[in-house]
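J.: See query-v2.tsv below, with TSV, C-alpha atoms.
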chain	number	residue	atom	x	y	z
U	1	MET	CA	202.06	182.36	115.16
U	2	ALA	CA	200.57	178.89	115.73
U	3	THR	CA	198.42	179.28	112.62
U	4	VAL	CA	201.41	180.37	110.52
U	5	SER	CA	203.46	177.43	111.82
U	6	ARG	CA	200.62	175.02	111.00
U	7	ILE	CA	200.30	176.46	107.49
U	8	ARG	CA	204.05	176.12	106.93
U	9	LYS	CA	203.95	172.52	108.11
U	10	VAL	CA	201.07	171.70	105.75
U	11	LEU	CA	202.85	173.39	102.83
U	12	SER	CA	206.07	171.52	103.57
U	13	ARG	CA	204.19	168.25	103.51
U	14	LEU	CA	202.41	169.16	100.28
U	15	ALA	CA	205.51	170.49	98.49
U	16	LEU	CA	206.90	167.14	97.37
U	17	PRO	CA	203.50	165.60	96.36
U	18	LEU	CA	202.60	168.77	94.45
U	19	PHE	CA	205.97	168.77	92.70
U	20	ILE	CA	205.63	165.12	91.72
U	21	THR	CA	202.03	165.62	90.62
U	22	GLY	CA	203.03	168.68	88.58
U	23	LEU	CA	205.68	166.79	86.61
U	24	PRO	CA	203.20	164.72	84.56
U	25	VAL	CA	201.15	167.86	83.87
U	26	ILE	CA	204.23	169.73	82.63
U	27	LEU	CA	205.24	166.74	80.53
U	28	LEU	CA	201.76	166.44	79.03
U	29	LEU	CA	201.59	170.14	78.21
U	30	SER	CA	205.04	169.97	76.63
U	31	SER	CA	203.99	166.98	74.53
U	32	LEU	CA	200.81	168.72	73.39
U	33	ARG	CA	202.80	171.81	72.44
U	34	THR	CA	205.24	169.67	70.44
U	35	LEU	CA	202.38	167.96	68.60
U	36	ARG	CA	200.82	171.34	67.85
U	37	VAL	CA	204.11	172.62	66.43
U	38	LEU	CA	204.43	169.48	64.31
U	39	GLU	CA	200.91	169.98	62.98
U	40	ASP	CA	201.77	173.58	62.09
U	41	GLN	CA	204.86	172.34	60.22
U	42	ARG	CA	202.68	169.86	58.37
U	43	MET	CA	200.32	172.62	57.24
U	44	VAL	CA	203.27	174.79	56.14
U	45	TYR	CA	204.58	171.92	54.03
U	46	LEU	CA	201.20	171.37	52.37
U	47	ARG	CA	200.84	175.09	51.66
U	48	SER	CA	204.31	175.09	50.05
U	49	ARG	CA	203.22	172.19	47.82
U	50	ALA	CA	200.10	174.15	46.86
U	51	ALA	CA	202.30	177.18	46.04
U	52	ALA	CA	204.43	174.96	43.79
U	53	VAL	CA	201.26	173.85	41.97
U	54	THR	CA	200.32	177.51	41.48
U	55	GLY	CA	203.74	178.19	39.94
U	56	ILE	CA	203.14	175.40	37.44
U	57	LEU	CA	199.69	176.79	36.60
U	58	GLU	CA	201.08	180.24	35.81
U	59	ALA	CA	203.35	178.68	33.14
U	60	LEU	CA	200.59	176.74	31.39
U	61	PRO	CA	198.82	178.07	28.28
U	62	ASN	CA	195.31	179.49	28.47
U	63	GLY	CA	192.11	177.87	27.31
U	64	LEU	CA	192.69	174.53	29.05
U	65	ARG	CA	189.94	172.68	30.85
U	66	ASP	CA	190.15	171.63	34.51
U	67	SER	CA	190.79	168.03	33.49
U	68	ASP	CA	193.65	169.21	31.30
U	69	PHE	CA	195.13	171.19	34.16
U	70	ILE	CA	194.90	168.16	36.46
U	71	GLU	CA	196.53	165.91	33.89
U	72	LEU	CA	199.40	168.33	33.31
U	73	VAL	CA	199.98	169.17	36.98
U	74	ALA	CA	199.53	165.65	38.39
U	75	GLY	CA	202.78	164.57	36.82
U	76	GLU	CA	204.62	167.25	38.79
U	77	GLU	CA	202.60	166.95	41.99
U	78	PRO	CA	201.65	163.36	42.90
U	79	ALA	CA	199.73	164.54	46.00
U	80	LEU	CA	197.18	166.38	43.83
U	81	VAL	CA	193.69	164.88	44.11
U	82	GLY	CA	191.60	167.75	42.72
U	83	LEU	CA	192.02	171.03	40.85
U	84	ARG	CA	189.58	173.69	39.73
U	85	ILE	CA	190.38	177.00	38.03
U	86	LEU	CA	187.99	179.84	38.89
U	87	SER	CA	187.58	182.95	36.76
U	88	PRO	CA	185.48	185.94	37.75
U	89	GLU	CA	182.66	184.52	35.62
U	90	SER	CA	182.80	180.97	37.08
U	91	PRO	CA	179.84	179.75	39.20
U	92	GLY	CA	180.53	180.47	42.84
U	93	ALA	CA	183.42	182.80	42.09
U	94	ALA	CA	181.51	185.73	43.56
U	95	ALA	CA	181.18	184.05	46.95
U	96	PRO	CA	181.88	186.49	49.82
U	97	SER	CA	184.59	184.16	51.16
U	98	LEU	CA	186.59	184.62	47.96
U	99	GLU	CA	186.40	188.42	47.87
U	100	PRO	CA	189.66	188.95	49.83
U	101	LEU	CA	191.47	186.75	47.29
U	102	TRP	CA	190.02	188.58	44.24
U	103	GLU	CA	190.92	191.91	45.84
U	104	ALA	CA	194.46	190.72	46.73
U	105	ARG	CA	193.88	191.25	50.43
U	106	GLU	CA	194.83	187.61	51.01
U	107	LEU	CA	197.44	185.56	49.16
U	108	PHE	CA	195.91	182.16	49.93
U	109	ARG	CA	193.32	180.41	52.06
U	110	SER	CA	193.68	176.81	53.25
U	111	GLU	CA	191.68	174.38	55.34
U	112	MET	CA	191.04	170.68	55.85
U	113	VAL	CA	187.86	169.59	54.05
U	114	ASP	CA	185.94	166.33	54.36
U	115	LEU	CA	184.79	165.03	50.98
U	116	PRO	CA	182.98	161.78	50.12
U	117	GLU	CA	186.28	160.48	48.80
U	118	GLY	CA	188.07	161.34	52.02
U	119	ARG	CA	189.75	164.20	53.86
U	120	VAL	CA	191.74	166.66	51.72
U	121	PHE	CA	193.86	169.76	52.25
U	122	ARG	CA	192.17	172.50	50.19
U	123	THR	CA	193.93	175.72	49.24
U	124	ASP	CA	192.48	178.65	47.29
U	125	VAL	CA	195.37	180.56	45.65
U	126	PRO	CA	195.05	183.55	43.26
U	127	PHE	CA	197.43	183.59	40.28
U	128	HIS	CA	197.87	185.57	37.06
U	129	SER	CA	197.54	184.08	33.60
U	130	GLU	CA	197.29	185.53	30.10
U	131	ASP	CA	193.51	185.73	30.56
U	132	GLY	CA	193.85	187.73	33.80
U	133	LEU	CA	193.46	186.95	37.51
U	134	ARG	CA	192.37	183.43	38.32
U	135	ILE	CA	191.93	181.42	41.54
U	136	ALA	CA	193.18	177.87	41.73
U	137	ARG	CA	191.29	175.60	44.14
U	138	ILE	CA	193.86	172.92	44.87
U	139	ASP	CA	193.03	169.73	46.78
U	140	LEU	CA	196.02	167.81	48.10
U	141	ASP	CA	196.25	164.49	49.90
U	142	PRO	CA	197.26	165.41	53.50
U	143	ALA	CA	199.04	162.07	53.84
U	144	ALA	CA	201.81	163.55	51.67
U	145	ALA	CA	203.03	165.44	54.74
U	146	ASP	CA	202.74	162.55	57.22
U	147	PHE	CA	206.42	161.71	56.88
U	148	LEU	CA	207.15	164.98	58.71
U	149	VAL	CA	205.14	164.11	61.81
U	150	THR	CA	204.74	160.33	62.00
U	151	HIS	CA	208.13	159.54	63.50
U	152	ALA	CA	208.04	162.70	65.61
U	153	ARG	CA	204.64	161.70	67.02
U	154	HIS	CA	205.97	158.26	67.87
U	155	ASN	CA	208.98	159.79	69.57
U	156	VAL	CA	206.82	162.20	71.55
U	157	LEU	CA	204.54	159.35	72.59
U	158	ILE	CA	207.46	157.17	73.65
U	159	SER	CA	209.06	160.06	75.52
U	160	SER	CA	205.80	160.87	77.29
U	161	LEU	CA	205.19	157.27	78.32
U	162	SER	CA	208.81	156.92	79.45
U	163	GLY	CA	208.55	160.12	81.47
U	164	LEU	CA	205.30	159.01	83.07
U	165	ALA	CA	206.81	155.61	83.89
U	166	LEU	CA	209.82	157.30	85.52
U	167	ILE	CA	207.54	159.61	87.49
U	168	ALA	CA	205.44	156.62	88.59
U	169	LEU	CA	208.60	154.83	89.71
U	170	ALA	CA	209.76	157.94	91.55
U	171	ILE	CA	206.41	158.27	93.31
U	172	TYR	CA	206.49	154.58	94.25
U	173	ALA	CA	210.07	154.90	95.49
U	174	ILE	CA	209.16	157.91	97.64
U	175	TRP	CA	206.05	156.14	98.96
U	176	ALA	CA	208.05	152.99	99.71
U	177	ALA	CA	210.76	154.99	101.46
U	178	ARG	CA	208.25	156.86	103.60
U	179	ARG	CA	206.39	153.63	104.38
U	180	THR	CA	209.64	151.93	105.36
U	181	THR	CA	210.51	154.87	107.57
U	182	ARG	CA	207.12	154.75	109.26
U	183	LEU	CA	207.45	151.01	109.82
U	184	GLU	CA	210.93	151.43	111.26
U	185	VAL	CA	209.72	154.18	113.60
U	186	ARG	CA	206.76	152.01	114.57
U	187	GLN	CA	209.08	149.06	115.19
U	188	LEU	CA	211.33	151.18	117.38
U	189	GLN	CA	208.31	152.40	119.33
U	190	MET	CA	207.06	148.85	119.82
U	191	GLU	CA	210.52	147.68	120.92
U	192	HIS	CA	210.67	150.58	123.36
U	193	LEU	CA	207.22	149.70	124.69
U	194	ALA	CA	208.22	146.04	124.96
U	195	ARG	CA	211.27	146.98	127.00
U	196	LEU	CA	209.09	149.18	129.19
U	197	GLY	CA	206.68	146.31	129.63
U	198	GLN	CA	209.46	143.92	130.62
U	199	MET	CA	210.91	146.45	133.04
U	200	ALA	CA	207.45	147.13	134.48
U	201	ALA	CA	206.88	143.40	134.91
U	202	VAL	CA	210.16	143.05	136.80
U	203	LEU	CA	209.34	146.02	139.03
U	204	ALA	CA	205.80	144.76	139.59
U	205	HIS	CA	207.12	141.38	140.63
U	206	GLU	CA	209.51	143.02	143.09
U	207	ILE	CA	206.75	145.30	144.43
U	208	ARG	CA	204.11	142.61	144.89
U	209	ASN	CA	205.63	140.84	147.91
U	210	PRO	CA	206.36	143.93	150.08
U	211	LEU	CA	203.03	145.39	149.01
U	212	GLY	CA	201.25	142.28	150.28
U	213	THR	CA	203.06	142.63	153.58
U	214	VAL	CA	202.06	146.30	153.89
U	215	LYS	CA	198.46	145.45	153.06
U	216	GLY	CA	198.37	142.70	155.69
U	217	PHE	CA	199.72	144.97	158.44
U	218	VAL	CA	197.32	147.80	157.52
U	219	GLN	CA	194.34	145.40	157.59
U	220	LEU	CA	195.51	144.00	160.93
U	221	ALA	CA	195.90	147.51	162.33
U	222	ALA	CA	192.42	148.43	161.10
U	223	GLU	CA	190.89	145.43	162.86
U	224	LYS	CA	192.44	146.47	166.21
U	225	GLN	CA	191.38	150.11	165.99
U	226	ASP	CA	188.19	151.66	167.21
U	227	ASP	CA	185.73	153.12	164.71
U	228	PRO	CA	187.51	156.51	164.17
U	229	GLY	CA	190.85	154.78	163.65
U	230	ARG	CA	189.33	152.17	161.35
U	231	GLU	CA	187.78	154.91	159.18
U	232	LEU	CA	191.25	156.46	158.75
U	233	LEU	CA	192.85	153.15	157.72
U	234	GLU	CA	190.13	151.91	155.33
U	235	PRO	CA	191.11	154.39	152.54
U	236	ALA	CA	194.70	153.15	152.86
U	237	VAL	CA	193.51	149.56	152.31
U	238	GLU	CA	191.56	150.65	149.23
U	239	GLU	CA	194.56	152.48	147.77
U	240	ILE	CA	196.79	149.48	148.42
U	241	GLN	CA	194.23	147.32	146.65
U	242	ARG	CA	194.31	149.70	143.67
U	243	ILE	CA	198.12	149.47	143.55
U	244	GLU	CA	197.81	145.69	143.75
U	245	ASN	CA	195.50	145.69	140.73
U	246	LEU	CA	197.95	147.86	138.81
U	247	VAL	CA	200.82	145.52	139.69
U	248	SER	CA	198.76	142.54	138.50
U	249	ASP	CA	198.02	144.29	135.20
U	250	LEU	CA	201.69	145.09	134.69
U	251	LEU	CA	202.65	141.47	135.35
U	252	LEU	CA	199.92	140.21	133.06
U	253	TYR	CA	201.00	142.49	130.22
U	254	GLY	CA	204.72	141.97	130.65
U	255	ARG	CA	204.54	138.21	131.12
U	256	PRO	CA	201.36	136.66	129.69
U	257	PRO	CA	200.76	133.27	131.33
U	258	ASP	CA	200.82	130.04	129.36
U	259	PRO	CA	197.23	129.07	128.52
U	260	ARG	CA	195.68	126.00	130.10
U	261	LEU	CA	193.31	124.78	127.43
U	262	ARG	CA	190.22	122.68	127.99
U	263	ARG	CA	186.77	122.26	126.51
U	264	VAL	CA	184.55	125.03	127.88
U	265	GLN	CA	180.82	125.70	127.54
U	266	TRP	CA	179.85	129.28	126.65
U	267	SER	CA	177.21	129.12	129.42
U	268	GLU	CA	180.01	128.54	131.94
U	269	ILE	CA	181.90	131.64	130.80
U	270	LEU	CA	178.71	133.69	130.65
U	271	GLU	CA	177.69	132.78	134.20
U	272	ARG	CA	181.05	133.97	135.56
U	273	LEU	CA	180.80	137.20	133.59
U	274	ARG	CA	177.30	137.90	134.91
U	275	GLN	CA	178.58	137.52	138.46
U	276	ASP	CA	181.66	139.66	137.87
U	277	THR	CA	179.77	142.49	136.14
U	278	ARG	CA	176.60	142.54	138.25
U	279	PHE	CA	177.89	145.05	140.78
U	280	LEU	CA	179.58	147.19	138.09
U	281	ALA	CA	176.41	147.33	135.97
U	282	GLN	CA	174.25	148.25	138.95
U	283	ALA	CA	176.67	150.90	140.20
U	284	GLN	CA	176.76	152.64	136.80
U	285	HIS	CA	173.06	152.02	135.97
U	286	VAL	CA	173.86	150.13	132.78
U	287	GLN	CA	171.47	147.69	131.14
U	288	PHE	CA	173.59	144.62	130.42
U	289	ALA	CA	172.41	141.82	128.15
U	290	ALA	CA	174.19	138.77	126.77
U	291	SER	CA	173.25	136.22	124.15
U	292	ASP	CA	172.71	132.66	125.38
U	293	GLN	CA	174.35	130.12	123.09
U	294	ASP	CA	174.82	126.38	123.35
U	295	PHE	CA	178.30	125.84	121.96
U	296	GLU	CA	181.68	124.85	123.37
U	297	TRP	CA	185.31	125.19	122.33
U	298	GLU	CA	188.83	124.68	123.58
U	299	THR	CA	190.23	127.66	125.49
U	300	ASP	CA	191.60	128.87	128.80
U	301	PRO	CA	188.49	130.09	130.67
U	302	ALA	CA	190.46	132.28	133.09
U	303	LEU	CA	192.27	134.15	130.32
U	304	LEU	CA	189.10	134.43	128.22
U	305	GLU	CA	187.20	135.83	131.18
U	306	HIS	CA	189.96	138.39	131.74
U	307	ILE	CA	189.76	139.46	128.08
U	308	LEU	CA	186.00	139.90	128.16
U	309	LEU	CA	186.03	141.67	131.53
U	310	ASN	CA	188.46	144.26	130.20
U	311	LEU	CA	186.28	144.84	127.12
U	312	LEU	CA	183.12	145.03	129.24
U	313	ARG	CA	184.71	147.51	131.69
U	314	ASN	CA	185.61	149.75	128.76
U	315	ALA	CA	182.05	149.55	127.48
U	316	PHE	CA	180.53	150.28	130.91
U	317	GLU	CA	182.78	153.31	131.37
U	318	ALA	CA	181.94	154.57	127.86
U	319	VAL	CA	178.18	154.62	128.53
U	320	ALA	CA	178.29	155.68	132.19
U	321	SER	CA	177.08	159.22	131.46
U	322	ARG	CA	174.05	158.14	129.38
U	323	GLU	CA	170.57	157.77	130.86
U	324	ASP	CA	169.79	154.86	128.50
U	325	ALA	CA	173.18	153.18	128.92
U	326	GLN	CA	173.24	149.77	127.28
U	327	VAL	CA	175.93	147.14	126.84
U	328	ARG	CA	175.44	143.85	125.04
U	329	LEU	CA	177.68	140.79	124.77
U	330	GLU	CA	177.13	138.64	121.67
U	331	ALA	CA	178.63	135.22	121.03
U	332	ARG	CA	178.42	133.15	117.85
U	333	LEU	CA	180.12	130.44	115.87
U	334	GLY	CA	181.53	131.13	112.42
U	335	ALA	CA	181.16	128.88	109.40
U	336	ARG	CA	184.55	127.22	110.07
U	337	GLY	CA	184.15	126.79	113.80
U	338	GLU	CA	185.72	130.12	114.76
U	339	VAL	CA	184.36	131.77	117.91
U	340	ILE	CA	183.35	135.44	117.61
U	341	LEU	CA	182.63	137.43	120.77
U	342	THR	CA	181.44	141.03	120.42
U	343	VAL	CA	180.88	143.69	123.10
U	344	LEU	CA	178.53	146.45	121.88
U	345	ASP	CA	177.69	149.72	123.61
U	346	ASN	CA	175.64	152.82	122.75
U	347	GLY	CA	178.24	155.30	123.96
U	348	PRO	CA	179.89	158.18	122.05
U	349	GLY	CA	182.08	155.88	119.94
U	350	ILE	CA	185.83	156.03	119.43
U	351	PRO	CA	187.45	159.50	119.56
U	352	PRO	CA	189.25	160.23	116.26
U	353	GLU	CA	192.44	161.25	118.05
U	354	ALA	CA	192.57	157.90	119.87
U	355	ARG	CA	192.06	155.54	116.90
U	356	ALA	CA	195.72	155.13	116.02
U	357	ARG	CA	196.75	154.28	119.61
U	358	LEU	CA	193.85	152.18	120.88
U	359	PHE	CA	195.93	149.12	121.77
U	360	GLU	CA	199.13	150.86	122.81
U	361	PRO	CA	199.99	150.22	126.47
U	362	PHE	CA	199.74	153.17	128.85
U	363	SER	CA	197.67	155.10	126.27
U	364	THR	CA	194.29	156.23	127.56
U	365	THR	CA	191.80	159.08	127.15
U	366	LYS	CA	190.41	158.60	130.66
U	367	THR	CA	191.32	160.65	133.69
U	368	THR	CA	191.85	157.42	135.63
U	369	GLY	CA	193.31	154.08	134.63
U	370	THR	CA	196.63	152.91	133.26
U	371	GLY	CA	195.71	152.40	129.62
U	372	LEU	CA	196.55	148.69	129.86
U	373	GLY	CA	193.05	147.24	129.51
U	374	LEU	CA	192.87	146.93	125.72
U	375	ALA	CA	196.58	146.11	125.42
U	376	ILE	CA	196.17	143.22	127.89
U	377	ALA	CA	193.00	142.04	126.14
U	378	ARG	CA	194.77	141.87	122.76
U	379	SER	CA	197.89	140.27	124.27
U	380	LEU	CA	195.85	137.54	126.00
U	381	ALA	CA	193.71	137.01	122.89
U	382	ARG	CA	196.85	136.43	120.82
U	383	THR	CA	198.06	134.00	123.47
U	384	LEU	CA	194.85	132.04	122.80
U	385	GLY	CA	195.37	132.27	119.03
U	386	GLY	CA	192.87	135.09	118.50
U	387	GLU	CA	192.69	138.81	117.84
U	388	VAL	CA	190.86	141.80	119.34
U	389	THR	CA	189.65	144.73	117.25
U	390	LEU	CA	187.72	147.87	118.14
U	391	LYS	CA	185.56	149.88	115.73
U	392	ASP	CA	182.56	152.18	115.63
U	393	ALA	CA	179.17	150.48	115.86
U	394	SER	CA	176.06	151.36	113.90
U	395	PRO	CA	174.14	153.60	114.48
U	396	GLN	CA	176.28	154.71	117.46
U	397	GLY	CA	178.68	153.48	120.05
U	398	ALA	CA	181.60	151.10	119.73
U	399	ALA	CA	182.02	147.39	119.01
U	400	ALA	CA	184.91	145.41	120.51
U	401	GLU	CA	185.34	142.07	118.77
U	402	ALA	CA	187.40	139.09	119.90
U	403	ILE	CA	187.83	136.45	117.19
U	404	PHE	CA	189.40	133.03	117.71
U	405	PRO	CA	189.85	131.42	114.25
U	406	SER	CA	191.34	128.13	115.52
U	407	ALA	CA	188.91	127.58	118.41
U	408	ARG	CA	187.21	124.57	116.74
U	409	GLY	CA	183.92	125.52	118.30
U	410	ARG	CA	180.92	123.23	118.00
U	411	ARG	CA	177.36	123.04	119.16
U	412	SER	CA	176.84	121.42	122.53
U	413	LYS	CA	175.34	117.95	122.47
Have the structure of the file written as structure tokens, please.
T.:
Amino acid sequence: MATVSRIRKVLSRLALPLFITGLPVILLLSSLRTLRVLEDQRMVYLRSRAAAVTGILEALPNGLRDSDFIELVAGEEPALVGLRILSPESPGAAAPSLEPLWEARELFRSEMVDLPEGRVFRTDVPFHSEDGLRIARIDLDPAAADFLVTHARHNVLISSLSGLALIALAIYAIWAARRTTRLEVRQLQMEHLARLGQMAAVLAHEIRNPLGTVKGFVQLAAEKQDDPGRELLEPAVEEIQRIENLVSDLLLYGRPPDPRLRRVQWSEILERLRQDTRFLAQAQHVQFAASDQDFEWETDPALLEHILLNLLRNAFEAVASREDAQVRLEARLGARGEVILTVLDNGPGIPPEARARLFEPFSTTKTTGTGLGLAIARSLARTLGGEVTLKDASPQGAAAEAIFPSARGRRSK
């Protein structure tokens, strides 16, 4: 049943695109059919003109030369460009292609022929004269029938182009409507998430004070207990600390602090990061390396450190199961003074199902965590006038990049 439902869903999604795509094909086929019918009408008209020439020939006296026939017939048929009268004794009259005409099995034979003088409509028509059965090879100018199809061709072309333009407009209108719908849905989702974030920030603020009190009493109780009692209370302290971290994340996401900007050396930021990640790297057996650079820029070091710590924690967790786990932090200045910080890992990369929701709050593929790490990193980066992106690295792993276009970075003196 699930397979049938999935097939129906796919077909329902494809129905409208297939219908719209099929319209130009139907229109093109209809236009081609119309042009083919017009060409058939053109050939019928030329054959009727050739039949009229044959009627004139039957009324002419015998013993005339081909030039005489042309001169006499040309006055009645201005489209005539060539005429030859074949008798059974004429050269080429015994050609196998003419046998059906001599034997009256065919009444005429016509085709378009390319001559040095140009393209002509040639018709071989048998007729009776006083000297017996003859075949008239009549060459007509095909342009004589253009008046039948020229305007029709123009109309078909205009209709086809108009139809294609309308279909293109319809496709664009449908695409625009669907895009607008997606944007509206996305906007509603973001507004909902923003309200959740504000509500979470309010709750976190209200929880923080009583939580601090609880933590203080538990720690005090643990200090006054003997070893067995202390062992029972230590997990409670750790859990309270975990809740405290969650509350801090909620506050940080819901109410990003105002940045306190100052000139900062990259070496200063890097030294703090090495200290903060040393225990984490050792605990997860990750080889951590960072590029030493001698530049400075204007930023809030506390917020920047928080951004990079969140990106580094993600990278450490992504490579934790690898024996050759590696994480690297690269820092460089762009051509216009922008600061580009990149966290690279050799983990499994970004899961396809998670790509669309990487920076959504409370969205995570981990069994633990709140899913706020990347959302907070991007929010703080935007507070500092930057942006955070996450993409697959080459040949494997992921690359988290924080770019600050207006950092006005410069080499240290």
J.: Quick one: pull the distance between CA of Asp276 (chain U) and CA of Glu244 (chain U), Å, one decimal.
T.: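 Calculated distance between CA of Asp276 (chain U) and CA of Glu244 (chain U) is 18.2 Å.
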J.: Give me the residues within 9 Å of Gln284 (chain U) as a PyMOL selection string, counting only C-alpha atoms and dropping any in the same chain fewer than 5 places off.
T.: chain U and resi 279+316-317+319-321+325
J.: Tell me, in Å to one decimal, how far CA of Pro142 (chain U) is from CA of Leu46 (chain U).
T.: 7.2 Å
J.: Using all atoms listed in the file, find the one residue out of U:Ile403, U:Ala290, U:Ala335, U:Leu312 that sits nearest to Thr277 (chain U).
T.: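 Comparing U:Ile403, U:Ala290, U:Ala335, U:Leu312 against Thr277 (chain U), the winner is U:Leu312.
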J.: Please write as number ranges by chain the list of polymer residues whose atoms come within 9 Å of (174.0, 140.6, 127.6), counting all atoms listed in the file and keeping to the coordinates of the file.
T.: U: 270, 274, 287-292, 327-330, 343
J.: Using all atoms listed in the file, find the one residue out of U:Val339, U:Val218, U:Leu133, U:Glu231 that sits nearest to Pro88 (chain U).
T.: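 Checking each candidate against Pro88 (chain U), we get U:Leu133 as the closest.
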J.: Near region 100-107 of chain U, within 8 Å and counting all atoms listed in the file, which residues show up once chain neighbours fewer than 6 positions away are dropped, as a list in words?
T.: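 The filter keeps Val125, Pro126, Leu133 and Ile135 of chain U.
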J.: Go ahead and write the residues just picked, C-alpha atoms, as a short mmCIF file (atom, residue, chain, number, x, y, z; two decimals), in the coordinates of the input.
T.:
data_model
loop_
_atom_site.label_atom_id
_atom_site.label_comp_id
_atom_site.auth_asym_id
_atom_site.auth_seq_id
_atom_site.Cartn_x
_atom_site.Cartn_y
_atom_site.Cartn_z
CA VAL U 125 195.37 180.56 45.65
CA PRO U 126 195.05 183.55 43.26
CA LEU U 133 193.46 186.95 37.51
CA ILE U 135 191.93 181.42 41.54
#
J.: Calculate how many Å separate CA of Ile85 (chain U) from CA of Ala143 (chain U), rounding to one decimal.
T.: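 Taking CA of Ile85 (chain U) and CA of Ala143 (chain U), their separation equals 23.4 Å.
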J.: Which is closest to Gly75 (chain U) among U:Ile56, U:Gln293, U:Thr180, U:Ser90, if we use all atoms listed in the file?
T.: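 Closest candidate: U:Ile56.
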J.: Which residues come within 12 Å of Asp141 (chain U), counting only C-alpha atoms, excluding same-chain residues fewer than 3 positions away, as a ChimeraX atom specification?
T.: /U:42-43,45-47,49-50,77-83,112-115,117-123,138,144-146
J.: Find the spatial neighbours of Arg153 (chain U), counting only C-alpha atoms, within a cut-off of 12 Å - ignore same-chain residues fewer than 4 positions away - and output them as a ChimeraX atom specification.
T.: /U:31-39,146-149,157-160
J.: May I have the residues at most 8 Å from (193.3, 145.1, 129.5) in the file's coordinates, counting only C-alpha atoms, as an MDAnalysis selection string?
T.: chainID U and resid 249 306:307 310:311 371:378
J.: Phe69 (chain U): which residues within 12 Å, counting all atoms listed in the file, same-chain residues fewer than 2 positions away excluded, as JSON, numbers by chain?
T.: {"U": [53, 54, 56, 57, 58, 59, 60, 61, 62, 63, 64, 65, 66, 67, 71, 72, 73, 74, 75, 76, 77, 80, 81, 82, 83, 84, 85, 136, 137, 138]}
